[in-house]
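*Asks:* Okay, handing you the structure first.
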Amino acid sequence: MRGSRRRDRCRSATAACLIAVALTLSSCAGETFQRGYVLPEGALEQIPLGASQEQVLLVLGTPSTVATVSGEAFYYISQKAERAISFMRTKVTDQRVIAVYFDRDRKVQRLAEYGYKDGKIFDFVSRTTPTSGNDLNLISTIIHNLQGKGS
């Protein structure tokens, strides 16, 4: 009888330890971080070609940065990073740059959403890979700089 009580206590203590370890590990579960601009659901659909700069500001808010290289453009920059356990380093899982290009009359000429696909910069709006130019250099620089800050 005495041996069975001891076994029962031992099993109870083991079960309590397992529960404590499980609770501790669950508090260390993976985390996802959203940095920078968070695109509201359906926001890009609210900005048709020819929309005014004011309408863009109302829908998307203040841009992360503005460029005037070859015409004016608003850039909204975001980054998503994850880490498996709370004390580990974060790993960048997605980076996006939403670009709104304006013509001389400050009307939307083109929308683009740049990110990486298959290791290359890809425009998720037009579903093309940009080839060259000042804008591609700027987008490449922005995304490359984000990679260094996310890890």
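Chain labels A, B, ... are given in the sequence in which chains occur in the structure tokens; within each chain residues are numbered consecutively from 1, and ligands are likewise numbered from 1 in the order shown.
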Skipping near chain neighbours, those fewer than 3 positions away, what residues fall within 8 Å of Phe33 in chain A using only C-alpha atoms, listed as a list in words?
*Replies:* Lys80, Ala81 and Glu82 of chain A
*Asks:* Could you save the residues just selected, with N, CA, C and O atoms, as a PDB file, in the first residue's frame?
*Replies:*
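Result file is selection.pdb:
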```pdb
ATOM      1  N   LYS A  80       7.273  42.644 -42.077  1.00  0.00           N
ATOM      2  CA  LYS A  80       6.738  41.636 -41.165  1.00  0.00           C
ATOM      3  C   LYS A  80       7.897  40.739 -40.758  1.00  0.00           C
ATOM      4  O   LYS A  80       8.660  40.273 -41.597  1.00  0.00           O
ATOM      5  N   ALA A  81       8.034  40.533 -39.445  1.00  0.00           N
ATOM      6  CA  ALA A  81       9.114  39.694 -38.927  1.00  0.00           C
ATOM      7  C   ALA A  81       8.530  38.725 -37.910  1.00  0.00           C
ATOM      8  O   ALA A  81       7.506  38.990 -37.290  1.00  0.00           O
ATOM      9  N   GLU A  82       9.190  37.590 -37.751  1.00  0.00           N
ATOM     10  CA  GLU A  82       8.738  36.569 -36.811  1.00  0.00           C
ATOM     11  C   GLU A  82       9.919  36.027 -36.034  1.00  0.00           C
ATOM     12  O   GLU A  82      11.056  36.114 -36.478  1.00  0.00           O
TER      13      GLU A  82
END
```
*Asks:* Find the residue from A:Gly42, A:Pro63, A:Gly115, A:Gly50 that sits nearest to Asp103 in chain A; use only C-alpha atoms when measuring.
*Replies:*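 Once distances to Asp103 in chain A are computed over only C-alpha atoms, the minimum belongs to A:Gly50.
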*Asks:* Which residue, A:Glu54, A:Asp94, A:Glu45, A:Glu31, has the smallest gap to Leu111 in chain A when you use only C-alpha atoms?
*Replies:*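 Looking only at the distances to Leu111 in chain A, the closest residue turns out to be A:Glu45.
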*Asks:* Can you tell me how far CA of Gln46 in chain A sits from CA of Thr93 in chain A, in Å to one decimal?
*Replies:* 27.0 Å
*Asks:* As a count of residues only, please: every residue in range 47-127 of chain A that DSSP puts in helix (DSSP H, G or I).
*Replies:* 8
*Asks:* Do you have the CA of Pro40 in chain A-CA of Ala67 in chain A distance handy?
*Replies:*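 We find that CA of Pro40 in chain A and CA of Ala67 in chain A lie 22.4 Å from each other.
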*Asks:* Env of Tyr101 in chain A: 12 Å cut, atoms = only C-alpha atoms, seq-sep filter 4 positions within chain, self excluded. Answer as a list of chain:residue names.
*Replies:*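 Using only C-alpha atoms, the neighbours found are A:Ile47, A:Pro48, A:Leu49, A:Gly50, A:Ala51, A:Ser52, A:Gln53, A:Val56, A:Val66, A:Ala67, A:Thr68, A:Val69, A:Ser70, A:Gly71, A:Glu72, A:Ala73, A:Phe74, A:Tyr75, A:Tyr76, A:Asp105, A:Arg106, A:Lys107, A:Val108, A:Gln109, A:Arg110, A:Leu111, A:Ala112, A:Glu113, A:Asp135.
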*Asks:* For a test of reading the model, state the distance in Å between CA of Leu60 in chain A and CA of Ala43 in chain A, rounded to one decimal.
*Replies:*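 About the pair CA of Leu60 in chain A and CA of Ala43 in chain A: they are 6.9 Å apart.
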